[in-house]
Number of protein chains: 2
Amino acid sequence: MDQEQLKLGDFLCFAVYSTGHAFNRVYKPILDRLGITYPQYLVMVALWERDGQTVGQIGESLFLESSTLTPLLKRLETAGHVRRERDSRDERQVRIHLTEKGRALQAQAKDVPSCIFEATGKSIEELIRLQAEIVSLRAALDRYEGPDAKKV
Amino acid sequence: MDQEQLKLGDFLCFAVYSTGHAFNRVYKPILDRLGITYPQYLVMVALWERDGQTVGQIGESLFLESSTLTPLLKRLETAGHVRRERDSRDERQVRIHLTEKGRALQAQAKDVPSCIFEATGKSIEELIRLQAEIVSLRAALDRYEGPDAKKV
DNA sequence: TGCCATTATATCGCGTGCGATTTAATATCG
DNA sequence: CGATATTAAATCGCACGCGATATAATGGCA
């Protein structure tokens, strides 16, 4: 690999980075109608899947820190989609519960995935395969401990 | 496609989104030593490839708006890596030129791609293939005009 | 030439993201 | 039981990223 002649377009990281932005641009007009942002949508998807998760559990699913989630969850609370409640058995934890409005949002959002699917212009099979490959890449990156991890 | 049972982990967009963050986490300790951030690194790569680009040209390569680039370029200028200069023939444009320090940074950054390559744990062939597929996905998303584009 | 549309960059406000630190609650261990 | 370590969220500062808007320069057309 001769790094000297690597062009921007050759970087896999850049492909991922810019495709993330491209997804965001497709999502934005759709989610604007629901009054939420893309990260907020992901949190709602996680809660529709399982209500009453702690901040830490949501962070683990989304690979986000509490410093990102706390303000985001407060905005979702202000918007009336969730309730934030200290766990009575462990007061360190904050559990996030869907409100009626938050549950109702799921119905309004039911067509979002098919809109996004249409935007990709790919077959389901291809998307599933690509998704798995990217997840495998993410797992490898998460495992990586730095170039001198062996020396510790 | 039954959206009702789509789990977070099934979303291709989420795979891309979270993998972008994972890349950032791998890049951070490496780029910290160079004193730049990941988006700043991308701008430097673009300039090492071709010096003297306008803000708009850089934005086109990186899919970023001037509202993102202007502050970032000012930080690179403050750090001494680039010079910002109005084009004398068209005073609307601002051309970004590498300084000596900015050119010197390329040598210091020469091992970055191989560090990242190592972190992915994949073969070159697989990375090239995956890169092409993701770029193709990005192109499709960029082409998409919204669900009611036909009605215009 | 003069008016107006267009173009390039900059500015502003808002919402992420995260590292470092703080705060408060729980667990552990003598 | 009490001091200390650990853990979960929250807070803070900084850097994106973008839509909307502003500013300034250029282009086009009567």
# chains A, B, ... in the order shown; residues from 1 in each chain; ligands from 1
$ calpha_fit_and_write --fixed "chain A" --moving "chain B" --output "short mmCIF file (atom, residue, chain, number, x, y, z; two decimals) with N, CA and C atoms, in the first residue's frame"
data_model
loop_
_atom_site.label_atom_id
_atom_site.label_comp_id
_atom_site.auth_asym_id
_atom_site.auth_seq_id
_atom_site.Cartn_x
_atom_site.Cartn_y
_atom_site.Cartn_z
N MET B 1 0.76 -1.19 0.02
CA MET B 1 -0.07 0.03 0.04
C MET B 1 0.81 1.27 0.02
N ASP B 2 0.72 2.02 -1.04
CA ASP B 2 1.49 3.27 -1.08
C ASP B 2 0.57 4.42 -0.70
N GLN B 3 0.68 4.84 0.55
CA GLN B 3 -0.22 5.88 1.06
C GLN B 3 -0.10 7.20 0.31
N GLU B 4 1.08 7.42 -0.28
CA GLU B 4 1.34 8.71 -0.93
C GLU B 4 0.26 9.05 -1.96
N GLN B 5 -0.22 8.02 -2.68
CA GLN B 5 -1.13 8.33 -3.77
C GLN B 5 -2.58 8.00 -3.46
N LEU B 6 -2.88 7.77 -2.20
CA LEU B 6 -4.26 7.51 -1.83
C LEU B 6 -5.09 8.77 -2.04
N LYS B 7 -6.14 8.64 -2.83
CA LYS B 7 -7.03 9.77 -3.04
C LYS B 7 -8.17 9.69 -2.03
N LEU B 8 -8.77 10.84 -1.78
CA LEU B 8 -9.87 10.93 -0.82
C LEU B 8 -10.93 9.88 -1.12
N GLY B 9 -11.26 9.74 -2.41
CA GLY B 9 -12.32 8.82 -2.80
C GLY B 9 -12.00 7.36 -2.51
N ASP B 10 -10.74 7.05 -2.20
CA ASP B 10 -10.35 5.67 -1.94
C ASP B 10 -10.55 5.27 -0.48
N PHE B 11 -10.77 6.25 0.37
CA PHE B 11 -10.86 5.97 1.81
C PHE B 11 -12.21 5.34 2.13
N LEU B 12 -12.16 4.14 2.70
CA LEU B 12 -13.40 3.50 3.14
C LEU B 12 -14.05 4.31 4.24
N CYS B 13 -13.24 4.84 5.15
CA CYS B 13 -13.77 5.64 6.25
C CYS B 13 -14.54 6.82 5.71
N PHE B 14 -14.02 7.44 4.66
CA PHE B 14 -14.71 8.59 4.07
C PHE B 14 -16.01 8.18 3.41
N ALA B 15 -16.01 7.01 2.77
CA ALA B 15 -17.24 6.50 2.16
C ALA B 15 -18.31 6.34 3.24
N VAL B 16 -17.91 5.78 4.38
CA VAL B 16 -18.86 5.57 5.47
C VAL B 16 -19.33 6.91 6.04
N TYR B 17 -18.37 7.77 6.29
CA TYR B 17 -18.64 9.11 6.84
C TYR B 17 -19.62 9.87 5.96
N SER B 18 -19.35 9.94 4.67
CA SER B 18 -20.19 10.74 3.77
C SER B 18 -21.53 10.06 3.51
N THR B 19 -21.57 8.74 3.57
CA THR B 19 -22.83 8.03 3.38
C THR B 19 -23.74 8.23 4.60
N GLY B 20 -23.14 8.35 5.76
CA GLY B 20 -23.91 8.69 6.95
C GLY B 20 -24.62 10.02 6.77
N HIS B 21 -23.89 11.00 6.23
CA HIS B 21 -24.49 12.31 5.96
C HIS B 21 -25.59 12.21 4.91
N ALA B 22 -25.32 11.38 3.89
CA ALA B 22 -26.31 11.22 2.82
C ALA B 22 -27.61 10.63 3.37
N PHE B 23 -27.49 9.65 4.26
CA PHE B 23 -28.68 9.08 4.91
C PHE B 23 -29.42 10.18 5.67
N ASN B 24 -28.67 10.98 6.39
CA ASN B 24 -29.28 12.05 7.17
C ASN B 24 -30.08 12.99 6.30
N ARG B 25 -29.54 13.32 5.13
CA ARG B 25 -30.24 14.23 4.22
C ARG B 25 -31.53 13.62 3.71
N VAL B 26 -31.55 12.30 3.52
CA VAL B 26 -32.78 11.64 3.08
C VAL B 26 -33.79 11.60 4.24
N TYR B 27 -33.29 11.31 5.43
CA TYR B 27 -34.17 11.21 6.59
C TYR B 27 -34.77 12.55 6.99
N LYS B 28 -34.02 13.62 6.84
CA LYS B 28 -34.44 14.90 7.41
C LYS B 28 -35.85 15.34 7.04
N PRO B 29 -36.17 15.45 5.74
CA PRO B 29 -37.53 15.91 5.40
C PRO B 29 -38.60 14.96 5.92
N ILE B 30 -38.31 13.68 5.99
CA ILE B 30 -39.28 12.70 6.47
C ILE B 30 -39.50 12.87 7.97
N LEU B 31 -38.38 12.98 8.72
CA LEU B 31 -38.49 13.09 10.18
C LEU B 31 -38.96 14.48 10.61
N ASP B 32 -38.71 15.48 9.77
CA ASP B 32 -39.19 16.83 10.08
C ASP B 32 -40.70 16.81 10.33
N ARG B 33 -41.39 15.99 9.52
CA ARG B 33 -42.84 15.90 9.68
C ARG B 33 -43.22 15.32 11.03
N LEU B 34 -42.33 14.50 11.61
CA LEU B 34 -42.60 13.92 12.93
C LEU B 34 -42.04 14.80 14.05
N GLY B 35 -41.28 15.80 13.66
CA GLY B 35 -40.74 16.73 14.65
C GLY B 35 -39.57 16.17 15.45
N ILE B 36 -38.87 15.16 14.90
CA ILE B 36 -37.70 14.62 15.60
C ILE B 36 -36.51 14.57 14.65
N THR B 37 -35.32 14.43 15.24
CA THR B 37 -34.10 14.32 14.46
C THR B 37 -33.76 12.84 14.26
N TYR B 38 -32.73 12.58 13.46
CA TYR B 38 -32.36 11.20 13.20
C TYR B 38 -31.88 10.46 14.46
N PRO B 39 -30.98 11.05 15.25
CA PRO B 39 -30.58 10.33 16.48
C PRO B 39 -31.77 10.13 17.43
N GLN B 40 -32.68 11.09 17.48
CA GLN B 40 -33.87 10.94 18.30
C GLN B 40 -34.74 9.79 17.78
N TYR B 41 -34.82 9.67 16.46
CA TYR B 41 -35.57 8.57 15.85
C TYR B 41 -34.98 7.23 16.26
N LEU B 42 -33.65 7.13 16.25
CA LEU B 42 -33.00 5.88 16.66
C LEU B 42 -33.34 5.53 18.10
N VAL B 43 -33.35 6.54 18.96
CA VAL B 43 -33.71 6.29 20.37
C VAL B 43 -35.15 5.82 20.46
N MET B 44 -36.04 6.43 19.69
CA MET B 44 -37.44 6.01 19.71
C MET B 44 -37.58 4.57 19.20
N VAL B 45 -36.85 4.22 18.15
CA VAL B 45 -36.89 2.85 17.65
C VAL B 45 -36.47 1.88 18.75
N ALA B 46 -35.41 2.25 19.47
CA ALA B 46 -34.93 1.40 20.57
C ALA B 46 -36.00 1.25 21.65
N LEU B 47 -36.73 2.33 21.91
CA LEU B 47 -37.76 2.29 22.96
C LEU B 47 -39.02 1.57 22.49
N TRP B 48 -39.36 1.71 21.21
CA TRP B 48 -40.51 0.98 20.68
C TRP B 48 -40.23 -0.52 20.77
N GLU B 49 -38.94 -0.85 20.62
CA GLU B 49 -38.53 -2.25 20.69
C GLU B 49 -38.62 -2.74 22.14
N ARG B 50 -38.18 -1.89 23.07
CA ARG B 50 -38.23 -2.26 24.49
C ARG B 50 -38.35 -0.99 25.32
N ASP B 51 -39.47 -0.83 25.97
CA ASP B 51 -39.76 0.37 26.76
C ASP B 51 -39.07 0.27 28.12
N GLY B 52 -38.82 1.42 28.73
CA GLY B 52 -38.31 1.43 30.09
C GLY B 52 -36.83 1.14 30.23
N GLN B 53 -36.07 1.29 29.16
CA GLN B 53 -34.63 1.07 29.23
C GLN B 53 -33.94 2.19 30.01
N THR B 54 -32.79 1.87 30.58
CA THR B 54 -32.01 2.89 31.24
C THR B 54 -31.21 3.67 30.19
N VAL B 55 -30.70 4.82 30.59
CA VAL B 55 -29.84 5.61 29.70
C VAL B 55 -28.67 4.77 29.22
N GLY B 56 -28.09 4.00 30.14
CA GLY B 56 -26.94 3.17 29.80
C GLY B 56 -27.27 2.10 28.79
N GLN B 57 -28.45 1.50 28.91
CA GLN B 57 -28.84 0.45 27.96
C GLN B 57 -29.04 1.03 26.56
N ILE B 58 -29.68 2.18 26.51
CA ILE B 58 -29.87 2.84 25.22
C ILE B 58 -28.51 3.18 24.61
N GLY B 59 -27.62 3.68 25.46
CA GLY B 59 -26.28 4.03 24.99
C GLY B 59 -25.52 2.83 24.45
N GLU B 60 -25.73 1.68 25.09
CA GLU B 60 -25.05 0.47 24.63
C GLU B 60 -25.58 0.05 23.26
N SER B 61 -26.88 0.14 23.06
CA SER B 61 -27.47 -0.22 21.77
C SER B 61 -27.01 0.73 20.67
N LEU B 62 -26.93 2.01 21.02
CA LEU B 62 -26.66 3.02 19.99
C LEU B 62 -25.20 3.42 19.92
N PHE B 63 -24.36 2.87 20.80
CA PHE B 63 -22.95 3.24 20.86
C PHE B 63 -22.78 4.72 21.15
N LEU B 64 -23.56 5.22 22.10
CA LEU B 64 -23.49 6.64 22.45
C LEU B 64 -23.24 6.80 23.95
N GLU B 65 -22.60 7.90 24.33
CA GLU B 65 -22.29 8.19 25.72
C GLU B 65 -23.44 8.93 26.39
N SER B 66 -23.44 8.93 27.70
CA SER B 66 -24.48 9.65 28.43
C SER B 66 -24.41 11.15 28.15
N SER B 67 -23.20 11.62 27.84
CA SER B 67 -23.04 13.04 27.54
C SER B 67 -23.76 13.42 26.25
N THR B 68 -24.00 12.45 25.40
CA THR B 68 -24.79 12.68 24.19
C THR B 68 -26.27 12.45 24.48
N LEU B 69 -26.55 11.38 25.21
CA LEU B 69 -27.94 10.97 25.38
C LEU B 69 -28.72 11.85 26.34
N THR B 70 -28.11 12.27 27.43
CA THR B 70 -28.86 13.05 28.42
C THR B 70 -29.54 14.27 27.81
N PRO B 71 -28.82 15.11 27.09
CA PRO B 71 -29.51 16.28 26.49
C PRO B 71 -30.55 15.86 25.46
N LEU B 72 -30.23 14.84 24.66
CA LEU B 72 -31.17 14.36 23.63
C LEU B 72 -32.45 13.87 24.29
N LEU B 73 -32.33 13.09 25.36
CA LEU B 73 -33.51 12.55 26.05
C LEU B 73 -34.32 13.67 26.70
N LYS B 74 -33.63 14.70 27.16
CA LYS B 74 -34.35 15.85 27.73
C LYS B 74 -35.18 16.54 26.65
N ARG B 75 -34.63 16.59 25.44
CA ARG B 75 -35.39 17.19 24.34
C ARG B 75 -36.59 16.33 23.97
N LEU B 76 -36.41 15.01 23.97
CA LEU B 76 -37.54 14.11 23.70
C LEU B 76 -38.59 14.24 24.81
N GLU B 77 -38.13 14.48 26.02
CA GLU B 77 -39.07 14.66 27.14
C GLU B 77 -39.84 15.97 26.97
N THR B 78 -39.12 17.03 26.63
CA THR B 78 -39.76 18.32 26.40
C THR B 78 -40.80 18.22 25.28
N ALA B 79 -40.48 17.42 24.26
CA ALA B 79 -41.41 17.23 23.14
C ALA B 79 -42.58 16.33 23.53
N GLY B 80 -42.49 15.70 24.71
CA GLY B 80 -43.61 14.90 25.21
C GLY B 80 -43.59 13.45 24.78
N HIS B 81 -42.48 12.98 24.21
CA HIS B 81 -42.44 11.61 23.72
C HIS B 81 -42.03 10.60 24.79
N VAL B 82 -41.26 11.05 25.77
CA VAL B 82 -40.79 10.13 26.81
C VAL B 82 -40.88 10.78 28.19
N ARG B 83 -40.77 9.91 29.19
CA ARG B 83 -40.73 10.33 30.58
C ARG B 83 -39.41 9.81 31.15
N ARG B 84 -38.69 10.64 31.93
CA ARG B 84 -37.43 10.20 32.54
C ARG B 84 -37.67 10.02 34.03
N GLU B 85 -37.34 8.82 34.52
CA GLU B 85 -37.65 8.51 35.92
C GLU B 85 -36.51 7.75 36.58
N ARG B 86 -36.11 8.20 37.75
CA ARG B 86 -35.07 7.48 38.50
C ARG B 86 -35.61 6.10 38.87
N ASP B 87 -34.76 5.10 38.72
CA ASP B 87 -35.12 3.74 39.13
C ASP B 87 -35.19 3.71 40.66
N SER B 88 -36.30 3.20 41.21
CA SER B 88 -36.50 3.26 42.66
C SER B 88 -35.55 2.29 43.39
N ARG B 89 -35.14 1.23 42.70
CA ARG B 89 -34.25 0.25 43.34
C ARG B 89 -32.79 0.64 43.23
N ASP B 90 -32.48 1.41 42.19
CA ASP B 90 -31.11 1.91 42.04
C ASP B 90 -31.20 3.33 41.54
N GLU B 91 -31.11 4.25 42.48
CA GLU B 91 -31.36 5.66 42.16
C GLU B 91 -30.31 6.27 41.25
N ARG B 92 -29.26 5.51 40.95
CA ARG B 92 -28.28 6.04 40.00
C ARG B 92 -28.82 5.99 38.58
N GLN B 93 -29.65 5.01 38.34
CA GLN B 93 -30.15 4.79 36.98
C GLN B 93 -31.38 5.63 36.69
N VAL B 94 -31.48 6.04 35.42
CA VAL B 94 -32.66 6.76 34.95
C VAL B 94 -33.33 5.91 33.88
N ARG B 95 -34.58 5.58 34.10
CA ARG B 95 -35.30 4.77 33.11
C ARG B 95 -36.15 5.66 32.21
N ILE B 96 -36.12 5.33 30.93
CA ILE B 96 -36.84 6.12 29.94
C ILE B 96 -38.11 5.37 29.54
N HIS B 97 -39.25 6.01 29.76
CA HIS B 97 -40.54 5.38 29.44
C HIS B 97 -41.23 6.17 28.34
N LEU B 98 -41.85 5.45 27.42
CA LEU B 98 -42.65 6.10 26.37
C LEU B 98 -43.91 6.69 26.99
N THR B 99 -44.30 7.85 26.51
CA THR B 99 -45.60 8.42 26.87
C THR B 99 -46.61 7.95 25.82
N GLU B 100 -47.87 8.30 26.01
CA GLU B 100 -48.89 8.01 25.00
C GLU B 100 -48.46 8.58 23.66
N LYS B 101 -48.02 9.83 23.70
CA LYS B 101 -47.59 10.51 22.48
C LYS B 101 -46.42 9.78 21.82
N GLY B 102 -45.52 9.30 22.65
CA GLY B 102 -44.36 8.57 22.14
C GLY B 102 -44.76 7.26 21.48
N ARG B 103 -45.76 6.58 22.07
CA ARG B 103 -46.24 5.34 21.48
C ARG B 103 -47.00 5.63 20.19
N ALA B 104 -47.75 6.74 20.21
CA ALA B 104 -48.53 7.11 19.01
C ALA B 104 -47.62 7.44 17.84
N LEU B 105 -46.44 7.94 18.17
CA LEU B 105 -45.49 8.32 17.12
C LEU B 105 -45.08 7.12 16.27
N GLN B 106 -45.10 5.94 16.87
CA GLN B 106 -44.71 4.74 16.13
C GLN B 106 -45.60 4.52 14.91
N ALA B 107 -46.90 4.75 15.10
CA ALA B 107 -47.82 4.58 13.97
C ALA B 107 -47.53 5.61 12.89
N GLN B 108 -47.27 6.84 13.30
CA GLN B 108 -46.96 7.89 12.32
C GLN B 108 -45.67 7.61 11.59
N ALA B 109 -44.79 6.84 12.23
CA ALA B 109 -43.46 6.60 11.65
C ALA B 109 -43.41 5.27 10.90
N LYS B 110 -44.54 4.61 10.76
CA LYS B 110 -44.50 3.24 10.24
C LYS B 110 -43.98 3.14 8.81
N ASP B 111 -44.15 4.22 8.02
CA ASP B 111 -43.72 4.16 6.62
C ASP B 111 -42.28 4.65 6.41
N VAL B 112 -41.64 5.09 7.47
CA VAL B 112 -40.29 5.63 7.33
C VAL B 112 -39.33 4.61 6.73
N PRO B 113 -39.27 3.38 7.25
CA PRO B 113 -38.30 2.43 6.69
C PRO B 113 -38.50 2.18 5.20
N SER B 114 -39.75 2.12 4.74
CA SER B 114 -39.95 1.85 3.32
C SER B 114 -39.56 3.05 2.46
N CYS B 115 -39.73 4.26 3.01
CA CYS B 115 -39.24 5.46 2.30
C CYS B 115 -37.74 5.38 2.12
N ILE B 116 -37.04 5.01 3.18
CA ILE B 116 -35.58 4.93 3.13
C ILE B 116 -35.16 3.81 2.19
N PHE B 117 -35.87 2.70 2.27
CA PHE B 117 -35.59 1.57 1.38
C PHE B 117 -35.67 2.03 -0.07
N GLU B 118 -36.72 2.75 -0.38
CA GLU B 118 -36.90 3.24 -1.75
C GLU B 118 -35.72 4.13 -2.17
N ALA B 119 -35.26 4.95 -1.23
CA ALA B 119 -34.18 5.90 -1.53
C ALA B 119 -32.87 5.19 -1.87
N THR B 120 -32.66 4.01 -1.28
CA THR B 120 -31.40 3.31 -1.53
C THR B 120 -31.34 2.73 -2.94
N GLY B 121 -32.52 2.45 -3.52
CA GLY B 121 -32.55 1.90 -4.87
C GLY B 121 -31.92 0.53 -4.99
N LYS B 122 -31.76 -0.17 -3.86
CA LYS B 122 -31.12 -1.49 -3.89
C LYS B 122 -32.16 -2.56 -3.56
N SER B 123 -31.80 -3.79 -3.80
CA SER B 123 -32.67 -4.90 -3.44
C SER B 123 -32.52 -5.19 -1.94
N ILE B 124 -33.56 -5.78 -1.38
CA ILE B 124 -33.52 -6.15 0.04
C ILE B 124 -32.31 -7.04 0.31
N GLU B 125 -32.08 -8.00 -0.58
CA GLU B 125 -30.98 -8.94 -0.38
C GLU B 125 -29.64 -8.20 -0.29
N GLU B 126 -29.47 -7.25 -1.21
CA GLU B 126 -28.21 -6.52 -1.23
C GLU B 126 -28.05 -5.69 0.04
N LEU B 127 -29.14 -5.06 0.49
CA LEU B 127 -29.07 -4.22 1.68
C LEU B 127 -28.74 -5.07 2.91
N ILE B 128 -29.35 -6.25 2.99
CA ILE B 128 -29.10 -7.13 4.14
C ILE B 128 -27.64 -7.57 4.16
N ARG B 129 -27.14 -7.91 2.98
CA ARG B 129 -25.75 -8.33 2.89
C ARG B 129 -24.80 -7.19 3.27
N LEU B 130 -25.07 -6.01 2.71
CA LEU B 130 -24.22 -4.85 2.97
C LEU B 130 -24.26 -4.49 4.46
N GLN B 131 -25.46 -4.56 5.03
CA GLN B 131 -25.62 -4.25 6.45
C GLN B 131 -24.74 -5.17 7.30
N ALA B 132 -24.76 -6.45 6.97
CA ALA B 132 -23.98 -7.43 7.74
C ALA B 132 -22.49 -7.15 7.60
N GLU B 133 -22.07 -6.78 6.41
CA GLU B 133 -20.65 -6.52 6.20
C GLU B 133 -20.18 -5.29 6.97
N ILE B 134 -21.04 -4.27 6.99
CA ILE B 134 -20.68 -3.05 7.70
C ILE B 134 -20.66 -3.29 9.21
N VAL B 135 -21.61 -4.09 9.68
CA VAL B 135 -21.63 -4.42 11.11
C VAL B 135 -20.35 -5.19 11.48
N SER B 136 -19.93 -6.07 10.59
CA SER B 136 -18.70 -6.83 10.84
C SER B 136 -17.49 -5.89 10.89
N LEU B 137 -17.50 -4.90 10.02
CA LEU B 137 -16.43 -3.89 10.03
C LEU B 137 -16.45 -3.12 11.34
N ARG B 138 -17.63 -2.71 11.76
CA ARG B 138 -17.77 -1.96 13.02
C ARG B 138 -17.24 -2.78 14.19
N ALA B 139 -17.58 -4.06 14.19
CA ALA B 139 -17.13 -4.94 15.27
C ALA B 139 -15.61 -5.00 15.32
N ALA B 140 -14.99 -5.07 14.13
CA ALA B 140 -13.53 -5.11 14.07
C ALA B 140 -12.93 -3.81 14.62
N LEU B 141 -13.52 -2.69 14.24
CA LEU B 141 -13.01 -1.39 14.71
C LEU B 141 -13.19 -1.27 16.22
N ASP B 142 -14.32 -1.77 16.73
CA ASP B 142 -14.58 -1.71 18.17
C ASP B 142 -13.56 -2.55 18.93
N ARG B 143 -13.13 -3.65 18.31
CA ARG B 143 -12.17 -4.55 18.95
C ARG B 143 -10.78 -3.95 19.01
N TYR B 144 -10.49 -3.08 18.07
CA TYR B 144 -9.13 -2.56 17.93
C TYR B 144 -8.72 -1.71 19.14
N GLU B 145 -7.52 -1.94 19.62
CA GLU B 145 -7.08 -1.29 20.86
C GLU B 145 -5.94 -0.31 20.63
N GLY B 146 -5.57 -0.08 19.39
CA GLY B 146 -4.46 0.82 19.13
C GLY B 146 -3.22 0.04 18.74
N PRO B 147 -2.29 0.69 18.03
CA PRO B 147 -1.13 0.01 17.46
C PRO B 147 -0.20 -0.59 18.51
N ASP B 148 -0.24 -0.07 19.75
CA ASP B 148 0.72 -0.56 20.74
C ASP B 148 0.02 -1.29 21.90
N ALA B 149 -1.11 -1.89 21.60
CA ALA B 149 -1.86 -2.56 22.66
C ALA B 149 -1.07 -3.76 23.19
N LYS B 150 -0.28 -4.37 22.31
CA LYS B 150 0.45 -5.58 22.71
C LYS B 150 1.52 -5.27 23.75
N LYS B 151 2.00 -4.04 23.76
CA LYS B 151 3.11 -3.66 24.65
C LYS B 151 2.68 -3.48 26.10
N VAL B 152 1.37 -3.40 26.33
CA VAL B 152 0.89 -3.14 27.70
C VAL B 152 1.13 -4.36 28.59
#
$ select_by_dssp --residues "segment 33-140 of chain B" --states "strand (DSSP E)" --output "MDAnalysis selection string"
chainID B and resid 53:54 82:86 94:98
$ write_last_selection --atoms "N, CA and C atoms" --output "PDB file, in the first residue's frame"
ATOM      1  N   GLN B  53      -7.358  24.790  -3.595  1.00  0.00           N
ATOM      2  CA  GLN B  53      -8.776  24.638  -3.919  1.00  0.00           C
ATOM      3  C   GLN B  53      -9.604  25.723  -3.235  1.00  0.00           C
ATOM      4  N   THR B  54     -10.752  26.013  -3.830  1.00  0.00           N
ATOM      5  CA  THR B  54     -11.665  26.954  -3.200  1.00  0.00           C
ATOM      6  C   THR B  54     -12.465  26.216  -2.120  1.00  0.00           C
ATOM      7  N   VAL B  82      -2.892  25.955   6.999  1.00  0.00           N
ATOM      8  CA  VAL B  82      -3.334  26.514   5.713  1.00  0.00           C
ATOM      9  C   VAL B  82      -3.384  28.039   5.771  1.00  0.00           C
ATOM     10  N   ARG B  83      -3.479  28.607   4.576  1.00  0.00           N
ATOM     11  CA  ARG B  83      -3.636  30.042   4.403  1.00  0.00           C
ATOM     12  C   ARG B  83      -4.934  30.237   3.622  1.00  0.00           C
ATOM     13  N   ARG B  84      -5.776  31.207   4.033  1.00  0.00           N
ATOM     14  CA  ARG B  84      -7.022  31.482   3.315  1.00  0.00           C
ATOM     15  C   ARG B  84      -6.858  32.799   2.571  1.00  0.00           C
ATOM     16  N   GLU B  85      -7.105  32.755   1.257  1.00  0.00           N
ATOM     17  CA  GLU B  85      -6.851  33.946   0.438  1.00  0.00           C
ATOM     18  C   GLU B  85      -7.962  34.145  -0.582  1.00  0.00           C
ATOM     19  N   ARG B  86      -8.470  35.353  -0.662  1.00  0.00           N
ATOM     20  CA  ARG B  86      -9.476  35.672  -1.680  1.00  0.00           C
ATOM     21  C   ARG B  86      -8.841  35.519  -3.063  1.00  0.00           C
ATOM     22  N   VAL B  94     -12.736  31.956  -2.004  1.00  0.00           N
ATOM     23  CA  VAL B  94     -11.592  31.920  -1.084  1.00  0.00           C
ATOM     24  C   VAL B  94     -10.791  30.668  -1.396  1.00  0.00           C
ATOM     25  N   ARG B  95      -9.529  30.848  -1.712  1.00  0.00           N
ATOM     26  CA  ARG B  95      -8.683  29.698  -2.024  1.00  0.00           C
ATOM     27  C   ARG B  95      -7.865  29.297  -0.799  1.00  0.00           C
ATOM     28  N   ILE B  96      -7.780  27.989  -0.597  1.00  0.00           N
ATOM     29  CA  ILE B  96      -7.078  27.460   0.568  1.00  0.00           C
ATOM     30  C   ILE B  96      -5.725  26.918   0.114  1.00  0.00           C
ATOM     31  N   HIS B  97      -4.663  27.473   0.679  1.00  0.00           N
ATOM     32  CA  HIS B  97      -3.308  27.049   0.315  1.00  0.00           C
ATOM     33  C   HIS B  97      -2.628  26.414   1.514  1.00  0.00           C
ATOM     34  N   LEU B  98      -1.888  25.343   1.256  1.00  0.00           N
ATOM     35  CA  LEU B  98      -1.093  24.707   2.307  1.00  0.00           C
ATOM     36  C   LEU B  98       0.068  25.619   2.681  1.00  0.00           C
TER      37      LEU B  98
END
$ closest_atom_pairs --of "chain D" --to "chain B" --cutoff "9 Å" --atoms "only C-alpha atoms (C1' of nucleotides)" --output "JSON lines"
{"residue": "D:DA15", "atom": "C1'", "partner": "B:Thr37", "partner_atom": "CA", "distance": 8.3}
{"residue": "D:DC16", "atom": "C1'", "partner": "B:Thr68", "partner_atom": "CA", "distance": 7.1}
{"residue": "D:DG17", "atom": "C1'", "partner": "B:Thr68", "partner_atom": "CA", "distance": 5.8}
{"residue": "D:DC18", "atom": "C1'", "partner": "B:Ser67", "partner_atom": "CA", "distance": 7.2}
{"residue": "D:DA24", "atom": "C1'", "partner": "B:Arg92", "partner_atom": "CA", "distance": 7.2}
{"residue": "D:DA25", "atom": "C1'", "partner": "B:Arg92", "partner_atom": "CA", "distance": 5.4}
{"residue": "D:DT26", "atom": "C1'", "partner": "B:Asp90", "partner_atom": "CA", "distance": 7.6}
$ select_by_dssp --residues "segment 5-148 of chain A" --states "helix (DSSP H, G or I)" --output "ChimeraX atom specification"
/A:5,8-10,12-32,38-49,55-62,66-78,100-108,112-120,124-143
$ residues_around --residues "DT21 of chain D" --least-positions-apart "6" --cutoff "12 Å" --atoms "only C-alpha atoms (C1' of nucleotides)" --output "list in words"
Ser67 of chain B; DA10, DT11, DC12 and DG13 of chain C
$ interface_residues --of "chain C" --to "chain A" --cutoff "12 Å" --atoms "only C-alpha atoms (C1' of nucleotides)" --output "list of chain:residue names"
C:DC14, C:DG15, C:DT16, C:DG17, C:DC18, C:DG19, C:DA20, C:DT21, C:DT23, C:DA24, C:DA25, C:DT26, C:DA27
